[in-house]
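**Student:** Below is the structure I would like to discuss, written out as structure tokens.
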Amino acid sequence: MKLTFLGTGTSHGIPMIGCHCPVCSSKDPRNRRRRCSLHVEAGDLSMLFDTPPDLREQALSCGVERVDAVFITHAHADHIFGFDDLRRYSQMQRRRLPVHASAETLRLLERRFEYVHSEGHSFGAVPWVDFRPMDAPVRLSAGSGEAVVRPLPVLHGPAQIYGYRIDADRAAVAYIPDCSGIPDATAALLDDLDVLILDTLRPEPHPTHFGLEQSLAAARRLRPRVFCPTHITHHFDHDELQSRLPEWGVVPCDGMEVELPFT
């Protein structure tokens, strides 16, 4: 299984418009962060997690030329406002792309992108998608690739949204980019993880996101082999955040690739 971090930043991205702080002014490319998204490959199977406003740029810079399935965590703008860019994939692949999410997230997607199911559009003018409500694990395959993706209900302030667990090629990854609480029932689904990718917004707590200490506490509880913070604001310089992680913590940067299982 191969992970590509397409974006690791919060809703503003880094640099933030109109900000001249040391991180936003940094020349270190690791401090440039697009909105959160993850690409996962298992053999021939290609999976995309969230469609942020930066999706086109992410796909071009990271070489994402095929998508077999899309998983949406929730319907906030920074996670879905690149949804229209899926039309290039349905156009190239000449088939409907399955889009998996909770029933509530799909309802909001339908409302915000109602034109995708309207009549009268020529092929390629709109994303050609198939909305699939998800409340149980989904088994996927394409060519030599197979994976099981399981929804992970988590709290995002007062709302319940999804993270996802991906099992493929004898490896397991959890992707939870927005989170302010992990219910016990969800924590029970997060055993034996190779990589935990978890919301780490800023040094201090936030009403709808984990701060650093909350994220680290969750990681210590879940005991993954590697912990990767994401959804990072300009309050963290890359190296400074890395210095505050345990030895099994790795700060990802946009475009970083991880091959699993670890040898």
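Going by the structure tokens order, chains are called A, B, ..., each with residues numbered from 1, while ligands are numbered from 1 in the order shown.
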Quick one: residues within 10 Å of A:Lys2, only C-alpha atoms counted, chain neighbours fewer than 4 positions away excluded, as a PDB file with N, CA and C atoms, in the first residue's frame?
**Tutor:**
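Output contents, as saved in result14.pdb:
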```
ATOM      1  N   HIS A  39      -4.232  10.286  -0.885  1.00  0.00           N
ATOM      2  CA  HIS A  39      -4.361   9.316  -1.973  1.00  0.00           C
ATOM      3  C   HIS A  39      -3.759   7.999  -1.501  1.00  0.00           C
ATOM      4  N   VAL A  40      -4.499   6.912  -1.683  1.00  0.00           N
ATOM      5  CA  VAL A  40      -4.057   5.591  -1.248  1.00  0.00           C
ATOM      6  C   VAL A  40      -4.102   4.643  -2.437  1.00  0.00           C
ATOM      7  N   GLU A  41      -2.996   3.943  -2.671  1.00  0.00           N
ATOM      8  CA  GLU A  41      -2.923   2.944  -3.736  1.00  0.00           C
ATOM      9  C   GLU A  41      -2.637   1.582  -3.131  1.00  0.00           C
ATOM     10  N   ALA A  42      -3.366   0.586  -3.606  1.00  0.00           N
ATOM     11  CA  ALA A  42      -3.126  -0.809  -3.228  1.00  0.00           C
ATOM     12  C   ALA A  42      -3.084  -1.607  -4.522  1.00  0.00           C
ATOM     13  N   GLY A  43      -1.889  -1.918  -5.003  1.00  0.00           N
ATOM     14  CA  GLY A  43      -1.790  -2.529  -6.322  1.00  0.00           C
ATOM     15  C   GLY A  43      -2.361  -1.585  -7.365  1.00  0.00           C
ATOM     16  N   SER A  46      -6.893   2.580  -6.780  1.00  0.00           N
ATOM     17  CA  SER A  46      -6.586   3.969  -6.446  1.00  0.00           C
ATOM     18  C   SER A  46      -7.764   4.591  -5.709  1.00  0.00           C
ATOM     19  N   ALA A 168      -5.095  -3.001   3.605  1.00  0.00           N
ATOM     20  CA  ALA A 168      -4.679  -3.519   2.301  1.00  0.00           C
ATOM     21  C   ALA A 168      -3.226  -3.941   2.381  1.00  0.00           C
ATOM     22  N   ASP A 169      -2.874  -4.944   1.601  1.00  0.00           N
ATOM     23  CA  ASP A 169      -1.471  -5.374   1.489  1.00  0.00           C
ATOM     24  C   ASP A 169      -0.817  -5.624   2.845  1.00  0.00           C
ATOM     25  N   GLU A 257       5.318  10.574   0.400  1.00  0.00           N
ATOM     26  CA  GLU A 257       4.837   9.226   0.109  1.00  0.00           C
ATOM     27  C   GLU A 257       5.323   8.254   1.177  1.00  0.00           C
ATOM     28  N   VAL A 258       4.482   7.292   1.505  1.00  0.00           N
ATOM     29  CA  VAL A 258       4.819   6.256   2.484  1.00  0.00           C
ATOM     30  C   VAL A 258       4.452   4.910   1.890  1.00  0.00           C
ATOM     31  N   GLU A 259       5.398   3.986   1.875  1.00  0.00           N
ATOM     32  CA  GLU A 259       5.154   2.629   1.375  1.00  0.00           C
ATOM     33  C   GLU A 259       4.936   1.689   2.555  1.00  0.00           C
ATOM     34  N   LEU A 260       3.884   0.887   2.478  1.00  0.00           N
ATOM     35  CA  LEU A 260       3.538  -0.075   3.520  1.00  0.00           C
ATOM     36  C   LEU A 260       3.383  -1.465   2.918  1.00  0.00           C
ATOM     37  N   PRO A 261       3.594  -2.539   3.703  1.00  0.00           N
ATOM     38  CA  PRO A 261       3.959  -2.519   5.120  1.00  0.00           C
ATOM     39  C   PRO A 261       5.418  -2.122   5.320  1.00  0.00           C
TER      40      PRO A 261
END
```
**Student:** Could you name the residues that touch stretch 188-195 of chain A at 9 Å or less, counting only C-alpha atoms, but leaving out those on the same chain fewer than 2 positions away, as a PDB file with C-alpha atoms, in the first residue's frame?
**Tutor:**
```pdb
ATOM      1  CA  ARG A 150     -14.182   0.991   7.222  1.00  0.00           C
ATOM      2  CA  LEU A 152     -14.820   5.590  11.699  1.00  0.00           C
ATOM      3  CA  ARG A 165      -9.577   2.831   8.289  1.00  0.00           C
ATOM      4  CA  ALA A 171      -1.064  -3.039   6.400  1.00  0.00           C
ATOM      5  CA  ALA A 172      -3.570  -0.788   8.167  1.00  0.00           C
ATOM      6  CA  VAL A 173      -3.961   2.989   8.102  1.00  0.00           C
ATOM      7  CA  ALA A 174      -6.441   5.292   9.846  1.00  0.00           C
ATOM      8  CA  TYR A 175      -7.167   8.693   8.313  1.00  0.00           C
ATOM      9  CA  PRO A 183     -15.739   7.513  20.891  1.00  0.00           C
ATOM     10  CA  ASP A 184     -14.783   4.280  22.635  1.00  0.00           C
ATOM     11  CA  ALA A 185     -16.618   2.242  19.991  1.00  0.00           C
ATOM     12  CA  THR A 186     -14.471   3.833  17.286  1.00  0.00           C
ATOM     13  CA  ILE A 197      -3.050  10.191  10.517  1.00  0.00           C
ATOM     14  CA  LEU A 222      -4.173   3.799  20.148  1.00  0.00           C
ATOM     15  CA  ARG A 223      -0.458   2.868  19.843  1.00  0.00           C
ATOM     16  CA  PRO A 224       0.113   2.969  16.066  1.00  0.00           C
ATOM     17  CA  ARG A 225       3.549   2.130  14.712  1.00  0.00           C
ATOM     18  CA  VAL A 226       3.729   5.638  13.236  1.00  0.00           C
ATOM     19  CA  PHE A 227       1.724   8.747  14.104  1.00  0.00           C
ATOM     20  CA  CYS A 228       1.326  11.547  11.539  1.00  0.00           C
ATOM     21  CA  LEU A 260       3.538  -0.075   3.520  1.00  0.00           C
ATOM     22  CA  PRO A 261       3.959  -2.519   5.120  1.00  0.00           C
ATOM     23  CA  PHE A 262       7.105  -1.311   6.864  1.00  0.00           C
TER      24      PHE A 262
END
```
**Student:** Would you please extract all strand (DSSP E or B) residues from stretch 41-173 of chain A, as assigned by DSSP on the backbone, and give them as a PyMOL selection string?
**Tutor:** chain A and resi 41-42+45-49+69-71+97-101+129-133+138-142+145-156+159-168+171-173
**Student:** So that I can check the surroundings of stretch 59-61 of chain A, please list as a PyMOL selection string every protein, DNA and RNA residue that reaches within 10 Å of it, counting only C-alpha atoms and ignoring chain neighbours fewer than 6 positions away.
**Tutor:** chain A and resi 6+39+85+254-255
**Student:** Keeping only N, CA and C atoms, write those residues as a tab-separated table (two decimals), in the first residue's frame.
**Tutor:**
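Resulting contents of again32.tsv:
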```
chain	number	residue	atom	x	y	z
A	6	LEU	N	-1.64	14.39	-0.13
A	6	LEU	CA	-1.90	15.43	-1.12
A	6	LEU	C	-1.97	16.81	-0.47
A	39	HIS	N	-4.23	10.29	-0.88
A	39	HIS	CA	-4.36	9.32	-1.97
A	39	HIS	C	-3.76	8.00	-1.50
A	85	ASP	N	-13.75	18.71	-9.76
A	85	ASP	CA	-12.58	18.19	-10.47
A	85	ASP	C	-12.64	16.68	-10.68
A	254	ASP	N	3.30	18.10	2.27
A	254	ASP	CA	2.53	17.84	1.06
A	254	ASP	C	3.40	17.13	0.03
A	255	GLY	N	2.84	16.06	-0.54
A	255	GLY	CA	3.55	15.27	-1.52
A	255	GLY	C	4.34	14.11	-0.94
```
**Student:** Measuring atom to atom with only C-alpha atoms, identify which of A:Arg66, A:Glu240, A:Ile14, A:Ile182 is nearest to A:Arg221.
**Tutor:** A:Ile182
**Student:** Write out as number ranges by chain the residues lying within 12 Å of stretch 243-251 of chain A, counting only C-alpha atoms and excluding same-chain residues fewer than 5 positions away.
**Tutor:** A: 5, 8-9, 30-31, 33, 194-200, 203, 212-213, 215-217, 219-220, 223-232, 236-238, 256, 258
**Student:** Next, dump the selected residues to file, keeping only N, CA and C atoms, as an mmCIF file, in the first residue's frame.
**Tutor:**
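Saved as result04.cif:
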```cif
data_model
loop_
_atom_site.group_PDB
_atom_site.id
_atom_site.type_symbol
_atom_site.label_atom_id
_atom_site.label_comp_id
_atom_site.auth_asym_id
_atom_site.auth_seq_id
_atom_site.Cartn_x
_atom_site.Cartn_y
_atom_site.Cartn_z
ATOM 1 N N PHE A 5 0.400 12.013 0.733
ATOM 2 C CA PHE A 5 -0.251 13.129 1.418
ATOM 3 C C PHE A 5 -0.436 14.264 0.408
ATOM 4 N N THR A 8 -1.953 18.706 3.745
ATOM 5 C CA THR A 8 -1.828 18.485 5.191
ATOM 6 C C THR A 8 -2.201 19.726 5.999
ATOM 7 N N GLY A 9 -2.778 20.731 5.337
ATOM 8 C CA GLY A 9 -3.071 21.989 6.001
ATOM 9 C C GLY A 9 -4.516 22.126 6.437
ATOM 10 N N ARG A 30 8.326 22.673 3.054
ATOM 11 C CA ARG A 30 7.539 21.819 3.941
ATOM 12 C C ARG A 30 6.499 22.623 4.719
ATOM 13 N N ASN A 31 6.685 23.942 4.785
ATOM 14 C CA ASN A 31 5.719 24.799 5.467
ATOM 15 C C ASN A 31 4.615 25.307 4.541
ATOM 16 N N ARG A 33 1.321 24.277 2.903
ATOM 17 C CA ARG A 33 0.366 23.184 3.109
ATOM 18 C C ARG A 33 -0.965 23.501 2.425
ATOM 19 N N ASP A 194 -0.622 0.497 11.378
ATOM 20 C CA ASP A 194 0.717 0.878 10.944
ATOM 21 C C ASP A 194 0.887 2.392 10.991
ATOM 22 N N VAL A 195 -0.125 3.118 10.520
ATOM 23 C CA VAL A 195 -0.055 4.580 10.492
ATOM 24 C C VAL A 195 -1.382 5.156 10.975
ATOM 25 N N LEU A 196 -1.301 6.098 11.902
ATOM 26 C CA LEU A 196 -2.450 6.890 12.337
ATOM 27 C C LEU A 196 -2.223 8.324 11.879
ATOM 28 N N ILE A 197 -3.102 8.813 11.010
ATOM 29 C CA ILE A 197 -3.050 10.191 10.517
ATOM 30 C C ILE A 197 -4.183 10.933 11.204
ATOM 31 N N LEU A 198 -3.837 11.908 12.054
ATOM 32 C CA LEU A 198 -4.830 12.463 12.973
ATOM 33 C C LEU A 198 -4.755 13.990 13.047
ATOM 34 N N ASP A 199 -5.915 14.605 13.084
ATOM 35 C CA ASP A 199 -6.082 16.046 13.253
ATOM 36 C C ASP A 199 -5.204 16.578 14.393
ATOM 37 N N THR A 200 -4.354 17.556 14.061
ATOM 38 C CA THR A 200 -3.505 18.224 15.061
ATOM 39 C C THR A 200 -3.439 19.695 14.667
ATOM 40 N N PRO A 203 -1.150 24.221 18.746
ATOM 41 C CA PRO A 203 -0.634 23.795 20.053
ATOM 42 C C PRO A 203 -1.712 23.656 21.122
ATOM 43 N N LEU A 212 -2.449 19.774 19.930
ATOM 44 C CA LEU A 212 -1.328 18.836 19.946
ATOM 45 C C LEU A 212 -1.418 17.837 21.090
ATOM 46 N N GLU A 213 -1.666 18.297 22.306
ATOM 47 C CA GLU A 213 -1.674 17.373 23.439
ATOM 48 C C GLU A 213 -2.819 16.367 23.343
ATOM 49 N N SER A 215 -4.143 15.269 20.530
ATOM 50 C CA SER A 215 -3.774 14.346 19.461
ATOM 51 C C SER A 215 -2.738 13.333 19.942
ATOM 52 N N LEU A 216 -1.740 13.820 20.683
ATOM 53 C CA LEU A 216 -0.725 12.908 21.216
ATOM 54 C C LEU A 216 -1.327 11.929 22.219
ATOM 55 N N ALA A 217 -2.259 12.400 23.039
ATOM 56 C CA ALA A 217 -2.903 11.505 24.004
ATOM 57 C C ALA A 217 -3.667 10.401 23.286
ATOM 58 N N ALA A 219 -3.020 9.283 20.261
ATOM 59 C CA ALA A 219 -2.040 8.411 19.620
ATOM 60 C C ALA A 219 -1.420 7.444 20.628
ATOM 61 N N ARG A 220 -1.122 7.922 21.816
ATOM 62 C CA ARG A 220 -0.560 7.028 22.843
ATOM 63 C C ARG A 220 -1.577 5.966 23.251
ATOM 64 N N ARG A 223 -1.742 3.550 20.030
ATOM 65 C CA ARG A 223 -0.458 2.868 19.843
ATOM 66 C C ARG A 223 -0.207 2.422 18.399
ATOM 67 N N PRO A 224 -0.279 3.327 17.433
ATOM 68 C CA PRO A 224 0.113 2.969 16.066
ATOM 69 C C PRO A 224 1.627 2.831 15.971
ATOM 70 N N ARG A 225 2.103 2.198 14.924
ATOM 71 C CA ARG A 225 3.549 2.130 14.712
ATOM 72 C C ARG A 225 4.107 3.518 14.370
ATOM 73 N N VAL A 226 3.327 4.276 13.594
ATOM 74 C CA VAL A 226 3.729 5.638 13.236
ATOM 75 C C VAL A 226 2.521 6.556 13.387
ATOM 76 N N PHE A 227 2.754 7.714 13.960
ATOM 77 C CA PHE A 227 1.724 8.747 14.104
ATOM 78 C C PHE A 227 2.085 9.932 13.220
ATOM 79 N N CYS A 228 1.124 10.390 12.410
ATOM 80 C CA CYS A 228 1.326 11.547 11.539
ATOM 81 C C CYS A 228 0.259 12.603 11.819
ATOM 82 N N PRO A 229 0.628 13.775 12.310
ATOM 83 C CA PRO A 229 -0.347 14.849 12.469
ATOM 84 C C PRO A 229 -0.745 15.424 11.114
ATOM 85 N N THR A 230 -1.968 15.951 11.028
ATOM 86 C CA THR A 230 -2.414 16.626 9.803
ATOM 87 C C THR A 230 -3.399 17.721 10.178
ATOM 88 N N HIS A 231 -3.936 18.408 9.161
ATOM 89 C CA HIS A 231 -4.841 19.554 9.355
ATOM 90 C C HIS A 231 -4.125 20.625 10.178
ATOM 91 N N ILE A 232 -2.908 20.952 9.755
ATOM 92 C CA ILE A 232 -1.962 21.764 10.517
ATOM 93 C C ILE A 232 -2.107 23.247 10.156
ATOM 94 N N PHE A 236 2.287 26.121 13.644
ATOM 95 C CA PHE A 236 3.363 25.129 13.728
ATOM 96 C C PHE A 236 4.330 25.293 12.564
ATOM 97 N N ASP A 237 5.581 25.542 12.851
ATOM 98 C CA ASP A 237 6.658 25.340 11.883
ATOM 99 C C ASP A 237 6.925 23.841 11.786
ATOM 100 N N HIS A 238 7.262 23.368 10.601
ATOM 101 C CA HIS A 238 7.445 21.928 10.391
ATOM 102 C C HIS A 238 8.443 21.333 11.385
ATOM 103 N N MET A 256 4.421 14.005 0.382
ATOM 104 C CA MET A 256 5.166 12.905 1.001
ATOM 105 C C MET A 256 4.505 11.568 0.702
ATOM 106 N N VAL A 258 4.482 7.292 1.505
ATOM 107 C CA VAL A 258 4.819 6.256 2.484
ATOM 108 C C VAL A 258 4.452 4.910 1.890
#
```
**Student:** Which residue gives the smallest distance to A:Leu241 among A:Val70, A:Leu108, A:Leu201, A:Met47, with only C-alpha atoms counted?
**Tutor:**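 Ranking A:Val70, A:Leu108, A:Leu201, A:Met47 by distance to A:Leu241, first place goes to A:Leu201.
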**Student:** Select, from A:Gly145, A:Gly211, A:Pro137, A:Pro153, the residue with the minimum atom-to-atom distance to A:Ile166, counting only C-alpha atoms.
**Tutor:** A:Pro137
**Student:** With a distance cut-off of 9 Å and only C-alpha atoms, select the neighbouring residues of A:Asp50, excluding the residue or stretch itself and same-chain residues fewer than 5 positions from it, and output the selection as a PDB file with N, CA and C atoms, in the first residue's frame.
**Tutor:**
```
ATOM      1  N   CYS A  36      -6.522  19.480   3.298  1.00  0.00           N
ATOM      2  CA  CYS A  36      -6.293  18.058   3.569  1.00  0.00           C
ATOM      3  C   CYS A  36      -6.894  17.124   2.522  1.00  0.00           C
ATOM      4  N   SER A  37      -6.082  16.178   2.104  1.00  0.00           N
ATOM      5  CA  SER A  37      -6.532  15.083   1.245  1.00  0.00           C
ATOM      6  C   SER A  37      -5.462  14.002   1.252  1.00  0.00           C
ATOM      7  N   LEU A  38      -5.890  12.770   1.000  1.00  0.00           N
ATOM      8  CA  LEU A  38      -4.978  11.623   0.995  1.00  0.00           C
ATOM      9  C   LEU A  38      -5.283  10.743  -0.202  1.00  0.00           C
ATOM     10  N   LEU A  55      -7.678  20.326  -5.105  1.00  0.00           N
ATOM     11  CA  LEU A  55      -7.553  18.976  -5.659  1.00  0.00           C
ATOM     12  C   LEU A  55      -6.856  18.958  -7.015  1.00  0.00           C
ATOM     13  N   VAL A  70     -13.942   7.207  -4.219  1.00  0.00           N
ATOM     14  CA  VAL A  70     -13.768   8.432  -3.442  1.00  0.00           C
ATOM     15  C   VAL A  70     -14.465   8.259  -2.099  1.00  0.00           C
ATOM     16  N   PHE A  71     -13.811   8.723  -1.034  1.00  0.00           N
ATOM     17  CA  PHE A  71     -14.386   8.689   0.309  1.00  0.00           C
ATOM     18  C   PHE A  71     -14.346  10.111   0.873  1.00  0.00           C
ATOM     19  N   ILE A  72     -15.494  10.585   1.349  1.00  0.00           N
ATOM     20  CA  ILE A  72     -15.605  11.937   1.886  1.00  0.00           C
ATOM     21  C   ILE A  72     -15.798  11.855   3.396  1.00  0.00           C
ATOM     22  N   THR A  73     -14.992  12.615   4.136  1.00  0.00           N
ATOM     23  CA  THR A  73     -15.105  12.591   5.596  1.00  0.00           C
ATOM     24  C   THR A  73     -16.311  13.384   6.081  1.00  0.00           C
ATOM     25  N   HIS A  74     -16.528  14.564   5.486  1.00  0.00           N
ATOM     26  CA  HIS A  74     -17.662  15.415   5.857  1.00  0.00           C
ATOM     27  C   HIS A  74     -17.760  16.539   4.836  1.00  0.00           C
ATOM     28  N   ASP A  78     -13.578  23.011   3.010  1.00  0.00           N
ATOM     29  CA  ASP A  78     -12.178  22.656   2.774  1.00  0.00           C
ATOM     30  C   ASP A  78     -11.985  21.187   2.445  1.00  0.00           C
ATOM     31  N   HIS A  79     -13.042  20.389   2.550  1.00  0.00           N
ATOM     32  CA  HIS A  79     -12.944  18.962   2.226  1.00  0.00           C
ATOM     33  C   HIS A  79     -13.715  18.563   0.970  1.00  0.00           C
ATOM     34  N   ILE A  80     -14.543  19.475   0.432  1.00  0.00           N
ATOM     35  CA  ILE A  80     -15.373  19.075  -0.721  1.00  0.00           C
ATOM     36  C   ILE A  80     -15.369  20.057  -1.881  1.00  0.00           C
ATOM     37  N   GLY A  82     -13.422  20.917  -4.101  1.00  0.00           N
ATOM     38  CA  GLY A  82     -12.782  20.496  -5.339  1.00  0.00           C
ATOM     39  C   GLY A  82     -13.549  19.366  -6.004  1.00  0.00           C
ATOM     40  N   PHE A  83     -14.783  19.123  -5.538  1.00  0.00           N
ATOM     41  CA  PHE A  83     -15.562  17.971  -6.008  1.00  0.00           C
ATOM     42  C   PHE A  83     -15.741  17.975  -7.524  1.00  0.00           C
TER      43      PHE A  83
END
```
**Student:** Restricting the calculation to only C-alpha atoms: of A:Ala136, A:Val154, A:Ala75, A:Val67, which residue gets closest to A:Gln93?
**Tutor:** A:Val67
**Student:** Can you measure atom CA of A:Thr105 to atom CA of A:Ala142 for me? One decimal in Å is fine.
**Tutor:**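 Separation of atom CA of A:Thr105 and atom CA of A:Ala142: 25.5 Å.
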**Student:** Excluding A:Leu140 and residues on its chain fewer than 5 positions from it, collect all residues at most 8 Å away from it, counting only C-alpha atoms, and give them as a count of residues only.
**Tutor:** 5
**Student:** Using DSSP secondary structure from the backbone, list all helix (DSSP H, G or I) positions within stretch 11-239 of chain A, as a PyMOL selection string.
**Tutor:** chain A and resi 29-31+55-62+77-80+83-93+103-112+114-117+184-187+212-222+238-239
**Student:** Please provide as a PyMOL selection string all residues within 6 Å of A:Arg35, with the sequence filter that same-chain residues fewer than 2 positions apart are discarded (counting only C-alpha atoms).
**Tutor:** chain A and resi 7+9-11+13+52
**Student:** Using only C-alpha atoms, find the one residue out of A:Thr263, A:Cys24, A:Pro53, A:Glu65 that sits nearest to A:Met92.
**Tutor:**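 Ranked by minimum distance to A:Met92, first place goes to A:Glu65.
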**Student:** Could you jot down the atom CA of A:Val126 to atom CA of A:His76 separation for me, Å, one decimal place?
**Tutor:**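 A separation of 20.5 Å between them.
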**Student:** Please indicate the distance in Å from atom CA of A:Asp135 to atom CA of A:Ala101, rounded to one decimal place.
**Tutor:**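 About the pair atom CA of A:Asp135 and atom CA of A:Ala101: they are 8.2 Å apart.
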**Student:** With distances taken over only C-alpha atoms, which residue among A:Gln214, A:Thr233, A:Thr51, A:Ser180 lies nearest A:Leu86?
**Tutor:**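 Closest to A:Leu86, using only C-alpha atoms: A:Thr51.
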